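Peer 1: File name input_37.cif; file contents mmCIF, N, CA and C atoms; full text below.
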```cif
data_protein
#
loop_
_atom_site.label_atom_id
_atom_site.label_comp_id
_atom_site.auth_asym_id
_atom_site.auth_seq_id
_atom_site.Cartn_x
_atom_site.Cartn_y
_atom_site.Cartn_z
N MET A 1 23.66 68.46 -5.44
CA MET A 1 22.97 67.42 -4.71
C MET A 1 21.45 67.55 -4.84
N ALA A 2 21.00 68.80 -4.85
CA ALA A 2 19.56 69.03 -4.98
C ALA A 2 19.08 68.61 -6.36
N GLY A 3 19.96 68.72 -7.37
CA GLY A 3 19.60 68.32 -8.73
C GLY A 3 19.34 66.83 -8.84
N ILE A 4 20.15 66.01 -8.11
CA ILE A 4 19.97 64.55 -8.13
C ILE A 4 18.67 64.18 -7.43
N GLY A 5 18.40 64.80 -6.29
CA GLY A 5 17.15 64.55 -5.57
C GLY A 5 15.94 64.93 -6.41
N ARG A 6 16.05 66.04 -7.10
CA ARG A 6 14.94 66.49 -7.95
C ARG A 6 14.74 65.54 -9.14
N ALA A 7 15.84 65.04 -9.69
CA ALA A 7 15.75 64.09 -10.81
C ALA A 7 15.06 62.80 -10.36
N PHE A 8 15.46 62.27 -9.18
CA PHE A 8 14.81 61.07 -8.65
C PHE A 8 13.34 61.33 -8.35
N SER A 9 13.04 62.49 -7.83
CA SER A 9 11.66 62.85 -7.54
C SER A 9 10.82 62.87 -8.82
N ARG A 10 11.36 63.45 -9.88
CA ARG A 10 10.62 63.52 -11.14
C ARG A 10 10.42 62.13 -11.74
N ILE A 11 11.45 61.26 -11.60
CA ILE A 11 11.31 59.88 -12.09
C ILE A 11 10.30 59.12 -11.24
N PHE A 12 10.39 59.26 -9.91
CA PHE A 12 9.50 58.55 -9.02
C PHE A 12 8.04 58.95 -9.25
N PHE A 13 7.78 60.23 -9.41
CA PHE A 13 6.41 60.70 -9.61
C PHE A 13 6.00 60.71 -11.08
N TRP A 14 6.91 60.25 -11.98
CA TRP A 14 6.63 60.04 -13.39
C TRP A 14 6.13 61.33 -14.05
N THR A 15 6.92 62.38 -13.92
CA THR A 15 6.52 63.68 -14.46
C THR A 15 7.10 63.97 -15.83
N HIS A 16 7.94 63.09 -16.35
CA HIS A 16 8.54 63.31 -17.67
C HIS A 16 7.54 63.00 -18.77
N GLU A 17 7.63 63.70 -19.87
CA GLU A 17 6.79 63.47 -21.03
C GLU A 17 7.26 62.22 -21.77
N ARG A 18 6.33 61.57 -22.45
CA ARG A 18 6.70 60.41 -23.26
C ARG A 18 7.63 60.84 -24.39
N GLY A 19 8.60 59.99 -24.68
CA GLY A 19 9.53 60.27 -25.76
C GLY A 19 10.76 61.04 -25.35
N THR A 20 10.80 61.51 -24.12
CA THR A 20 12.00 62.22 -23.66
C THR A 20 13.02 61.19 -23.17
N ALA A 21 14.27 61.59 -23.10
CA ALA A 21 15.34 60.68 -22.67
C ALA A 21 15.13 60.18 -21.24
N PRO A 22 14.78 61.02 -20.25
CA PRO A 22 14.56 60.49 -18.89
C PRO A 22 13.42 59.47 -18.83
N TYR A 23 12.37 59.71 -19.61
CA TYR A 23 11.25 58.78 -19.65
C TYR A 23 11.72 57.43 -20.20
N ASP A 24 12.45 57.45 -21.30
CA ASP A 24 12.94 56.22 -21.91
C ASP A 24 13.90 55.48 -20.98
N ILE A 25 14.73 56.21 -20.27
CA ILE A 25 15.65 55.58 -19.32
C ILE A 25 14.87 54.92 -18.18
N ALA A 26 13.85 55.59 -17.66
CA ALA A 26 13.04 55.02 -16.57
C ALA A 26 12.34 53.75 -17.04
N VAL A 27 11.77 53.78 -18.24
CA VAL A 27 11.11 52.58 -18.79
C VAL A 27 12.13 51.46 -18.97
N GLY A 28 13.30 51.79 -19.47
CA GLY A 28 14.36 50.78 -19.64
C GLY A 28 14.77 50.16 -18.32
N LEU A 29 14.92 50.98 -17.27
CA LEU A 29 15.28 50.45 -15.96
C LEU A 29 14.20 49.53 -15.40
N ILE A 30 12.95 49.90 -15.62
CA ILE A 30 11.85 49.03 -15.17
C ILE A 30 11.89 47.70 -15.90
N LEU A 31 12.10 47.74 -17.21
CA LEU A 31 12.19 46.50 -17.99
C LEU A 31 13.35 45.63 -17.54
N VAL A 32 14.50 46.25 -17.29
CA VAL A 32 15.66 45.49 -16.82
C VAL A 32 15.35 44.83 -15.48
N PHE A 33 14.71 45.57 -14.58
CA PHE A 33 14.36 45.00 -13.27
C PHE A 33 13.40 43.82 -13.43
N VAL A 34 12.36 43.99 -14.23
CA VAL A 34 11.35 42.93 -14.40
C VAL A 34 11.96 41.70 -15.05
N LEU A 35 12.75 41.88 -16.07
CA LEU A 35 13.27 40.74 -16.82
C LEU A 35 14.48 40.07 -16.19
N LEU A 36 15.25 40.79 -15.40
CA LEU A 36 16.49 40.21 -14.86
C LEU A 36 16.46 39.92 -13.37
N SER A 37 15.38 40.27 -12.66
CA SER A 37 15.34 39.99 -11.23
C SER A 37 15.14 38.49 -11.01
N PRO A 38 15.87 37.89 -10.06
CA PRO A 38 15.75 36.45 -9.81
C PRO A 38 14.39 36.10 -9.21
N ARG A 39 13.91 34.92 -9.56
CA ARG A 39 12.62 34.46 -9.04
C ARG A 39 12.65 34.26 -7.53
N SER A 40 13.82 33.98 -6.99
CA SER A 40 13.92 33.72 -5.56
C SER A 40 13.59 34.95 -4.71
N TRP A 41 13.57 36.13 -5.32
CA TRP A 41 13.21 37.34 -4.58
C TRP A 41 11.72 37.40 -4.28
N PHE A 42 10.92 36.67 -5.03
CA PHE A 42 9.47 36.78 -4.93
C PHE A 42 8.90 35.44 -4.47
N HIS A 43 8.19 35.47 -3.36
CA HIS A 43 7.64 34.25 -2.78
C HIS A 43 6.12 34.30 -2.71
N ASP A 44 5.49 34.95 -3.65
CA ASP A 44 4.04 35.12 -3.60
C ASP A 44 3.33 34.19 -4.58
N ARG A 45 3.73 32.95 -4.61
CA ARG A 45 3.12 31.99 -5.53
C ARG A 45 1.76 31.57 -5.01
N PRO A 46 0.80 31.44 -5.91
CA PRO A 46 -0.53 31.02 -5.47
C PRO A 46 -0.52 29.56 -5.04
N MET A 47 -1.37 29.24 -4.10
CA MET A 47 -1.48 27.87 -3.64
C MET A 47 -2.24 27.07 -4.68
N ILE A 48 -1.65 26.00 -5.15
CA ILE A 48 -2.27 25.17 -6.17
C ILE A 48 -2.66 23.85 -5.52
N GLY A 49 -3.87 23.42 -5.78
CA GLY A 49 -4.32 22.15 -5.24
C GLY A 49 -5.08 22.33 -3.95
N PRO A 50 -5.30 21.24 -3.26
CA PRO A 50 -6.13 21.28 -2.05
C PRO A 50 -5.39 21.85 -0.86
N PRO A 51 -6.13 22.29 0.14
CA PRO A 51 -5.49 22.68 1.39
C PRO A 51 -4.75 21.46 1.96
N PRO A 52 -3.55 21.63 2.47
CA PRO A 52 -2.73 20.49 2.82
C PRO A 52 -3.30 19.54 3.86
N ALA A 53 -3.84 20.01 4.95
CA ALA A 53 -4.26 19.10 6.00
C ALA A 53 -5.77 18.99 6.13
N GLU A 54 -6.51 19.84 5.47
CA GLU A 54 -7.95 19.86 5.66
C GLU A 54 -8.69 18.87 4.78
N ALA A 55 -8.41 18.87 3.51
CA ALA A 55 -9.13 18.03 2.57
C ALA A 55 -8.27 16.82 2.20
N THR A 56 -8.87 15.63 2.26
CA THR A 56 -8.07 14.43 2.06
C THR A 56 -8.82 13.38 1.23
N VAL A 57 -8.06 12.38 0.83
CA VAL A 57 -8.60 11.15 0.25
C VAL A 57 -8.15 10.04 1.19
N GLN A 58 -9.12 9.31 1.75
CA GLN A 58 -8.79 8.26 2.71
C GLN A 58 -9.35 6.93 2.24
N GLU A 59 -8.53 5.89 2.34
CA GLU A 59 -9.01 4.55 2.01
C GLU A 59 -9.85 4.05 3.18
N ILE A 60 -11.06 3.56 2.88
CA ILE A 60 -11.92 3.07 3.96
C ILE A 60 -12.09 1.56 3.94
N SER A 61 -11.94 0.94 2.76
CA SER A 61 -12.04 -0.52 2.70
C SER A 61 -11.41 -1.06 1.43
N GLU A 62 -11.15 -2.37 1.46
CA GLU A 62 -10.61 -3.05 0.29
C GLU A 62 -11.29 -4.39 0.18
N ASP A 63 -11.86 -4.68 -0.98
CA ASP A 63 -12.52 -5.95 -1.24
C ASP A 63 -11.59 -6.77 -2.14
N VAL A 64 -10.86 -7.70 -1.53
CA VAL A 64 -9.87 -8.47 -2.27
C VAL A 64 -10.55 -9.37 -3.29
N ALA A 65 -11.71 -9.95 -2.94
CA ALA A 65 -12.41 -10.86 -3.84
C ALA A 65 -12.84 -10.14 -5.12
N ALA A 66 -13.38 -8.93 -4.98
CA ALA A 66 -13.83 -8.17 -6.15
C ALA A 66 -12.69 -7.36 -6.77
N GLY A 67 -11.59 -7.20 -6.05
CA GLY A 67 -10.46 -6.43 -6.56
C GLY A 67 -10.70 -4.94 -6.55
N THR A 68 -11.52 -4.46 -5.62
CA THR A 68 -11.82 -3.02 -5.55
C THR A 68 -11.33 -2.43 -4.24
N GLN A 69 -11.12 -1.12 -4.27
CA GLN A 69 -10.79 -0.36 -3.08
C GLN A 69 -11.79 0.78 -3.00
N THR A 70 -12.17 1.15 -1.78
CA THR A 70 -13.13 2.23 -1.58
C THR A 70 -12.47 3.36 -0.81
N TYR A 71 -12.68 4.58 -1.28
CA TYR A 71 -12.07 5.77 -0.69
C TYR A 71 -13.14 6.80 -0.37
N HIS A 72 -12.88 7.62 0.63
CA HIS A 72 -13.64 8.84 0.87
C HIS A 72 -12.85 9.98 0.26
N VAL A 73 -13.47 10.72 -0.66
CA VAL A 73 -12.84 11.86 -1.31
C VAL A 73 -13.54 13.10 -0.79
N ASP A 74 -12.81 13.93 -0.06
CA ASP A 74 -13.36 15.16 0.49
C ASP A 74 -13.86 16.06 -0.64
N ALA A 75 -15.07 16.58 -0.52
CA ALA A 75 -15.66 17.41 -1.57
C ALA A 75 -14.89 18.70 -1.79
N ARG A 76 -14.13 19.15 -0.78
CA ARG A 76 -13.35 20.39 -0.93
C ARG A 76 -12.19 20.23 -1.91
N LEU A 77 -11.85 18.99 -2.27
CA LEU A 77 -10.80 18.76 -3.24
C LEU A 77 -11.26 19.06 -4.67
N LEU A 78 -12.55 19.10 -4.88
CA LEU A 78 -13.10 19.19 -6.23
C LEU A 78 -13.67 20.56 -6.51
N ALA A 79 -13.49 21.01 -7.74
CA ALA A 79 -14.14 22.24 -8.19
C ALA A 79 -15.61 21.90 -8.43
N SER A 80 -16.43 22.90 -8.62
CA SER A 80 -17.85 22.67 -8.87
C SER A 80 -18.04 22.14 -10.29
N PRO A 81 -18.36 20.85 -10.45
CA PRO A 81 -18.52 20.29 -11.78
C PRO A 81 -19.90 20.61 -12.36
N MET A 82 -20.01 20.53 -13.67
CA MET A 82 -21.27 20.79 -14.34
C MET A 82 -22.04 19.50 -14.60
N THR A 83 -21.35 18.46 -15.03
CA THR A 83 -22.02 17.21 -15.40
C THR A 83 -21.43 16.06 -14.59
N GLU A 84 -22.10 14.92 -14.67
CA GLU A 84 -21.61 13.74 -13.96
C GLU A 84 -20.29 13.25 -14.54
N THR A 85 -20.10 13.42 -15.84
CA THR A 85 -18.84 13.03 -16.48
C THR A 85 -17.69 13.89 -15.96
N GLU A 86 -17.92 15.19 -15.84
CA GLU A 86 -16.90 16.08 -15.29
C GLU A 86 -16.60 15.73 -13.85
N LEU A 87 -17.65 15.42 -13.08
CA LEU A 87 -17.47 15.03 -11.68
C LEU A 87 -16.62 13.77 -11.57
N GLU A 88 -16.90 12.79 -12.40
CA GLU A 88 -16.11 11.55 -12.37
C GLU A 88 -14.66 11.83 -12.73
N HIS A 89 -14.43 12.70 -13.69
CA HIS A 89 -13.06 13.07 -14.08
C HIS A 89 -12.34 13.77 -12.93
N LEU A 90 -13.03 14.69 -12.24
CA LEU A 90 -12.43 15.40 -11.10
C LEU A 90 -12.11 14.45 -9.95
N ILE A 91 -13.01 13.50 -9.70
CA ILE A 91 -12.78 12.52 -8.63
C ILE A 91 -11.58 11.64 -9.00
N HIS A 92 -11.52 11.21 -10.25
CA HIS A 92 -10.39 10.38 -10.71
C HIS A 92 -9.07 11.11 -10.49
N ASP A 93 -9.02 12.39 -10.87
CA ASP A 93 -7.79 13.19 -10.69
C ASP A 93 -7.44 13.35 -9.21
N ALA A 94 -8.46 13.60 -8.38
CA ALA A 94 -8.21 13.79 -6.94
C ALA A 94 -7.64 12.52 -6.32
N VAL A 95 -8.19 11.36 -6.68
CA VAL A 95 -7.69 10.10 -6.13
C VAL A 95 -6.27 9.85 -6.64
N ARG A 96 -6.03 10.06 -7.93
CA ARG A 96 -4.71 9.83 -8.51
C ARG A 96 -3.65 10.71 -7.87
N LYS A 97 -3.99 11.97 -7.59
CA LYS A 97 -3.01 12.90 -7.02
C LYS A 97 -2.76 12.70 -5.54
N ASN A 98 -3.75 12.16 -4.82
CA ASN A 98 -3.65 12.12 -3.36
C ASN A 98 -3.44 10.74 -2.76
N VAL A 99 -3.41 9.69 -3.57
CA VAL A 99 -3.14 8.35 -3.07
C VAL A 99 -1.79 7.92 -3.64
N PRO A 100 -0.76 7.86 -2.80
CA PRO A 100 0.59 7.56 -3.29
C PRO A 100 0.68 6.26 -4.09
N ASP A 101 -0.06 5.23 -3.69
CA ASP A 101 0.02 3.94 -4.38
C ASP A 101 -0.57 3.99 -5.80
N LEU A 102 -1.39 5.01 -6.09
CA LEU A 102 -2.04 5.08 -7.40
C LEU A 102 -1.40 6.08 -8.35
N LYS A 103 -0.40 6.81 -7.89
CA LYS A 103 0.27 7.78 -8.76
C LYS A 103 0.98 7.04 -9.88
N GLY A 104 0.72 7.44 -11.10
CA GLY A 104 1.35 6.84 -12.26
C GLY A 104 0.77 5.49 -12.66
N ARG A 105 -0.30 5.06 -12.02
CA ARG A 105 -0.94 3.78 -12.36
C ARG A 105 -2.32 4.04 -12.93
N ASN A 106 -2.78 3.13 -13.76
CA ASN A 106 -4.13 3.22 -14.31
C ASN A 106 -5.11 2.54 -13.36
N PHE A 107 -6.27 3.13 -13.22
CA PHE A 107 -7.34 2.52 -12.45
C PHE A 107 -8.66 3.05 -12.99
N LYS A 108 -9.73 2.34 -12.65
CA LYS A 108 -11.06 2.69 -13.15
C LYS A 108 -12.00 2.91 -11.97
N ILE A 109 -12.80 3.94 -12.06
CA ILE A 109 -13.83 4.17 -11.04
C ILE A 109 -15.00 3.25 -11.34
N VAL A 110 -15.31 2.37 -10.39
CA VAL A 110 -16.43 1.44 -10.55
C VAL A 110 -17.74 2.17 -10.30
N HIS A 111 -17.81 2.88 -9.18
CA HIS A 111 -18.97 3.75 -8.90
C HIS A 111 -18.60 4.73 -7.79
N PHE A 112 -19.40 5.79 -7.71
CA PHE A 112 -19.21 6.76 -6.64
C PHE A 112 -20.57 7.24 -6.16
N THR A 113 -20.60 7.62 -4.87
CA THR A 113 -21.84 8.07 -4.24
C THR A 113 -21.57 9.35 -3.47
N GLN A 114 -22.49 10.30 -3.57
CA GLN A 114 -22.37 11.53 -2.78
C GLN A 114 -22.84 11.26 -1.36
N ILE A 115 -22.09 11.72 -0.38
CA ILE A 115 -22.51 11.64 1.02
C ILE A 115 -22.82 13.07 1.46
N LEU A 116 -24.08 13.29 1.85
CA LEU A 116 -24.54 14.64 2.18
C LEU A 116 -24.48 14.89 3.68
N GLY A 117 -24.27 16.15 4.04
CA GLY A 117 -24.29 16.57 5.43
C GLY A 117 -25.69 16.94 5.86
N GLN A 118 -25.82 17.45 7.06
CA GLN A 118 -27.14 17.81 7.61
C GLN A 118 -27.79 18.95 6.84
N ASN A 119 -26.97 19.85 6.28
CA ASN A 119 -27.53 20.99 5.55
C ASN A 119 -27.78 20.69 4.08
N GLY A 120 -27.54 19.45 3.66
CA GLY A 120 -27.81 19.05 2.28
C GLY A 120 -26.66 19.24 1.32
N SER A 121 -25.53 19.75 1.81
CA SER A 121 -24.38 19.92 0.93
C SER A 121 -23.53 18.64 0.94
N VAL A 122 -22.77 18.45 -0.13
CA VAL A 122 -21.93 17.26 -0.25
C VAL A 122 -20.71 17.41 0.66
N ILE A 123 -20.52 16.44 1.55
CA ILE A 123 -19.37 16.45 2.46
C ILE A 123 -18.21 15.70 1.80
N TYR A 124 -18.49 14.53 1.29
CA TYR A 124 -17.47 13.74 0.60
C TYR A 124 -18.15 12.79 -0.37
N TYR A 125 -17.31 12.18 -1.19
CA TYR A 125 -17.78 11.17 -2.13
C TYR A 125 -17.19 9.83 -1.73
N GLU A 126 -18.00 8.81 -1.75
CA GLU A 126 -17.52 7.47 -1.51
C GLU A 126 -17.25 6.85 -2.89
N VAL A 127 -16.00 6.52 -3.14
CA VAL A 127 -15.56 6.13 -4.48
C VAL A 127 -14.97 4.73 -4.43
N SER A 128 -15.47 3.84 -5.28
CA SER A 128 -14.90 2.50 -5.42
C SER A 128 -14.13 2.46 -6.72
N ILE A 129 -12.89 1.98 -6.63
CA ILE A 129 -12.05 1.91 -7.82
C ILE A 129 -11.55 0.48 -8.01
N LYS A 130 -11.17 0.20 -9.24
CA LYS A 130 -10.58 -1.09 -9.57
C LYS A 130 -9.22 -0.82 -10.20
N PRO A 131 -8.13 -1.14 -9.50
CA PRO A 131 -6.80 -0.87 -10.04
C PRO A 131 -6.48 -1.77 -11.24
#
```
Would you mind giving the structure from this file in structure tokens?
Peer 2:
Amino acid sequence: MAGIGRAFSRIFFWTHERGTAPYDIAVGLILVFVLLSPRSWFHDRPMIGPPPAEATVQEISEDVAAGTQTYHVDARLLASPMTETELEHLIHDAVRKNVPDLKGRNFKIVHFTQILGQNGSVIYYEVSIKP
């Protein structure tokens, strides 16, 4: 019984030399565990996308005559863009992903404006689109 405990201890503390049979068996067992363990055992998936209730896209108006809709896009939905073209692309994606009526439909951003807070940081973008 002491021999089994000692064997597990040596495997656990990784005291075997490379190329020995116990070392190869331990590596094989690790590979079997990694490759054959079900995904349902692990629930540590990273959160993708915006925070669920904090950052939103809200429709604020609709101009039927011009055929445009205006939305507030929370700045927290967007990564830090480098150029205005990247910013427009990020806003387009945020609106497409967060407005159920626009999912899978084509639309064009007519214009967008940054709305700044008291400290000078962007709080949200006011975005007019044409479906």
Peer 1: Report, in Å with one decimal, the straight-line distance from atom CA of Phe33 of chain A to atom C of Gly3 of chain A.
Peer 2: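 Computing it gives 22.8 Å between the two atoms.
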Peer 1: To one decimal in Å, tell me the separation between atom CA of Gly67 of chain A and atom CA of Arg105 of chain A.
Peer 2: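 For atom CA of Gly67 of chain A relative to atom CA of Arg105 of chain A, the distance reads 15.1 Å.
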Peer 1: As an exercise, work out the distance from atom CA of Ser121 of chain A to atom CA of Glu62 of chain A in Å and give it to one decimal place.
Peer 2: 26.8 Å
Peer 1: Would you list the contacts of segment 56-60 of chain A as a PyMOL selection string, taking every protein, DNA or RNA residue within 5 Å and counting all atoms listed in the file, but skipping same-chain residues closer than 2 positions in sequence?
Peer 2: chain A and resi 54+62+70-74
Peer 1: As a compact mmCIF listing (two decimals) with N, CA and C atoms, keeping the file's coordinate frame, please: every residue in segment 44-109 of chain A that a backbone DSSP assignment puts in strand (DSSP E).
Peer 2:
```
# COMPACT_ATOMS: atom_id res chain seq x y z
N VAL A 57 -8.06 12.38 0.83
CA VAL A 57 -8.60 11.15 0.25
C VAL A 57 -8.15 10.04 1.19
N GLN A 58 -9.12 9.31 1.75
CA GLN A 58 -8.79 8.26 2.71
C GLN A 58 -9.35 6.93 2.24
N GLU A 59 -8.53 5.89 2.34
CA GLU A 59 -9.01 4.55 2.01
C GLU A 59 -9.85 4.05 3.18
N ILE A 60 -11.06 3.56 2.88
CA ILE A 60 -11.92 3.07 3.96
C ILE A 60 -12.09 1.56 3.94
N SER A 61 -11.94 0.94 2.76
CA SER A 61 -12.04 -0.52 2.70
C SER A 61 -11.41 -1.06 1.43
N GLU A 62 -11.15 -2.37 1.46
CA GLU A 62 -10.61 -3.05 0.29
C GLU A 62 -11.29 -4.39 0.18
N ASP A 63 -11.86 -4.68 -0.98
CA ASP A 63 -12.52 -5.95 -1.24
C ASP A 63 -11.59 -6.77 -2.14
N THR A 68 -11.52 -4.46 -5.62
CA THR A 68 -11.82 -3.02 -5.55
C THR A 68 -11.33 -2.43 -4.24
N GLN A 69 -11.12 -1.12 -4.27
CA GLN A 69 -10.79 -0.36 -3.08
C GLN A 69 -11.79 0.78 -3.00
N THR A 70 -12.17 1.15 -1.78
CA THR A 70 -13.13 2.23 -1.58
C THR A 70 -12.47 3.36 -0.81
N TYR A 71 -12.68 4.58 -1.28
CA TYR A 71 -12.07 5.77 -0.69
C TYR A 71 -13.14 6.80 -0.37
N HIS A 72 -12.88 7.62 0.63
CA HIS A 72 -13.64 8.84 0.87
C HIS A 72 -12.85 9.98 0.26
N VAL A 73 -13.47 10.72 -0.66
CA VAL A 73 -12.84 11.86 -1.31
C VAL A 73 -13.54 13.10 -0.79
N ASP A 74 -12.81 13.93 -0.06
CA ASP A 74 -13.36 15.16 0.49
C ASP A 74 -13.86 16.06 -0.64
N LYS A 108 -9.73 2.34 -12.65
CA LYS A 108 -11.06 2.69 -13.15
C LYS A 108 -12.00 2.91 -11.97
N ILE A 109 -12.80 3.94 -12.06
CA ILE A 109 -13.83 4.17 -11.04
C ILE A 109 -15.00 3.25 -11.34
```
Peer 1: The centre and edge lengths of an axis-aligned box containing all atoms of segment 82-90 of chain A present in the file, extended by 6 Å on each side, are to be given in Å to one decimal, as AutoDock Vina command-line options.
Peer 2:
```
--center_x -17.1 --center_y 16.2 --center_z -13.2 --size_x 22.0 --size_y 21.2 --size_z 18.5
```
Peer 1: Just the residues within 7 Å of Ala75 of chain A, please, counting only C-alpha atoms, with nothing from its chain fewer than 5 positions along; format it as a list in words.
Peer 2: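 Everything that qualifies: Val122, Ile123, Tyr124 and Tyr125 of chain A.
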Peer 1: List the spatial neighbours of segment 86-90 of chain A as a list in words - criterion: any atom at most 8 Å away, all atoms listed in the file, same-chain residues fewer than 6 positions off excluded.
Peer 2: Leu77, Leu78, Ala79, Ser80, Arg96 and Ile109 of chain A
Peer 1: For the file shown, what are the residues hit by the PyMOL selection byres (((chain A and resi 113 and name CA) around 7) and name CA), laid out as a ChimeraX atom specification?
Peer 2: /A:111-112,114-115,125-127
Peer 1: So which residues of segment 79-124 of chain A fall under alpha helix (DSSP H) by DSSP, listed as a list of chain:residue names?
Peer 2: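 Secondary structure check on segment 79-124 of chain A, alpha helix (DSSP H): A:Glu84, A:Thr85, A:Glu86, A:Leu87, A:Glu88, A:His89, A:Leu90, A:Ile91, A:His92, A:Asp93, A:Ala94, A:Val95, A:Arg96, A:Lys97, A:Asn98.
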Peer 1: Could you tell me, as an MDAnalysis selection string, which residues have any atom at most 6 Å from (-6.5, -0.9, -5.7), counting only C-alpha atoms?
Peer 2: chainID A and resid 68:69 130:131
Peer 1: Taking into account only C-alpha atoms, which residue in the set A:Ser61, A:Thr83, A:Gly104, A:Gly117 is nearest to Ile129 of chain A?
Peer 2: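 Between A:Ser61, A:Thr83, A:Gly104, A:Gly117, the residue approaching Ile129 of chain A most closely is A:Ser61.
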Peer 1: With N, CA, C and O atoms as the goal, would you fill in the gaps in segment 31-44 of chain A and present it as a PDB file, in the frame of the given file?
Peer 2:
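File produced: selection-v9.pdb:
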```pdb
ATOM      1  N   LEU A  31      12.100  47.740 -17.210  1.00  0.00           N
ATOM      2  CA  LEU A  31      12.190  46.500 -17.990  1.00  0.00           C
ATOM      3  C   LEU A  31      13.350  45.630 -17.540  1.00  0.00           C
ATOM      4  O   LEU A  31      13.224  44.411 -17.406  1.00  0.00           O
ATOM      5  N   VAL A  32      14.500  46.250 -17.290  1.00  0.00           N
ATOM      6  CA  VAL A  32      15.660  45.490 -16.820  1.00  0.00           C
ATOM      7  C   VAL A  32      15.350  44.830 -15.480  1.00  0.00           C
ATOM      8  O   VAL A  32      15.650  43.656 -15.262  1.00  0.00           O
ATOM      9  N   PHE A  33      14.710  45.570 -14.580  1.00  0.00           N
ATOM     10  CA  PHE A  33      14.360  45.000 -13.270  1.00  0.00           C
ATOM     11  C   PHE A  33      13.400  43.820 -13.430  1.00  0.00           C
ATOM     12  O   PHE A  33      13.595  42.761 -12.835  1.00  0.00           O
ATOM     13  N   VAL A  34      12.360  43.990 -14.230  1.00  0.00           N
ATOM     14  CA  VAL A  34      11.350  42.930 -14.400  1.00  0.00           C
ATOM     15  C   VAL A  34      11.960  41.700 -15.050  1.00  0.00           C
ATOM     16  O   VAL A  34      11.689  40.565 -14.628  1.00  0.00           O
ATOM     17  N   LEU A  35      12.750  41.880 -16.070  1.00  0.00           N
ATOM     18  CA  LEU A  35      13.270  40.740 -16.820  1.00  0.00           C
ATOM     19  C   LEU A  35      14.480  40.070 -16.190  1.00  0.00           C
ATOM     20  O   LEU A  35      14.702  38.879 -16.404  1.00  0.00           O
ATOM     21  N   LEU A  36      15.250  40.790 -15.400  1.00  0.00           N
ATOM     22  CA  LEU A  36      16.490  40.210 -14.860  1.00  0.00           C
ATOM     23  C   LEU A  36      16.460  39.920 -13.370  1.00  0.00           C
ATOM     24  O   LEU A  36      17.426  39.380 -12.827  1.00  0.00           O
ATOM     25  N   SER A  37      15.380  40.270 -12.660  1.00  0.00           N
ATOM     26  CA  SER A  37      15.340  39.990 -11.230  1.00  0.00           C
ATOM     27  C   SER A  37      15.140  38.490 -11.010  1.00  0.00           C
ATOM     28  O   SER A  37      14.343  37.848 -11.685  1.00  0.00           O
ATOM     29  N   PRO A  38      15.870  37.890 -10.060  1.00  0.00           N
ATOM     30  CA  PRO A  38      15.750  36.450  -9.810  1.00  0.00           C
ATOM     31  C   PRO A  38      14.390  36.100  -9.210  1.00  0.00           C
ATOM     32  O   PRO A  38      13.813  36.851  -8.417  1.00  0.00           O
ATOM     33  N   ARG A  39      13.910  34.920  -9.560  1.00  0.00           N
ATOM     34  CA  ARG A  39      12.620  34.460  -9.040  1.00  0.00           C
ATOM     35  C   ARG A  39      12.650  34.260  -7.530  1.00  0.00           C
ATOM     36  O   ARG A  39      11.634  34.345  -6.868  1.00  0.00           O
ATOM     37  N   SER A  40      13.820  33.980  -6.990  1.00  0.00           N
ATOM     38  CA  SER A  40      13.920  33.720  -5.560  1.00  0.00           C
ATOM     39  C   SER A  40      13.590  34.950  -4.710  1.00  0.00           C
ATOM     40  O   SER A  40      13.354  34.828  -3.515  1.00  0.00           O
ATOM     41  N   TRP A  41      13.570  36.130  -5.320  1.00  0.00           N
ATOM     42  CA  TRP A  41      13.210  37.340  -4.580  1.00  0.00           C
ATOM     43  C   TRP A  41      11.720  37.400  -4.280  1.00  0.00           C
ATOM     44  O   TRP A  41      11.281  38.101  -3.386  1.00  0.00           O
ATOM     45  N   PHE A  42      10.920  36.670  -5.030  1.00  0.00           N
ATOM     46  CA  PHE A  42       9.470  36.780  -4.930  1.00  0.00           C
ATOM     47  C   PHE A  42       8.900  35.440  -4.470  1.00  0.00           C
ATOM     48  O   PHE A  42       9.095  34.420  -5.099  1.00  0.00           O
ATOM     49  N   HIS A  43       8.190  35.470  -3.360  1.00  0.00           N
ATOM     50  CA  HIS A  43       7.640  34.250  -2.780  1.00  0.00           C
ATOM     51  C   HIS A  43       6.120  34.300  -2.710  1.00  0.00           C
ATOM     52  O   HIS A  43       5.514  33.723  -1.828  1.00  0.00           O
ATOM     53  N   ASP A  44       5.490  34.950  -3.650  1.00  0.00           N
ATOM     54  CA  ASP A  44       4.040  35.120  -3.600  1.00  0.00           C
ATOM     55  C   ASP A  44       3.330  34.190  -4.580  1.00  0.00           C
ATOM     56  O   ASP A  44       2.408  34.583  -5.257  1.00  0.00           O
TER      57      ASP A  44
END
```
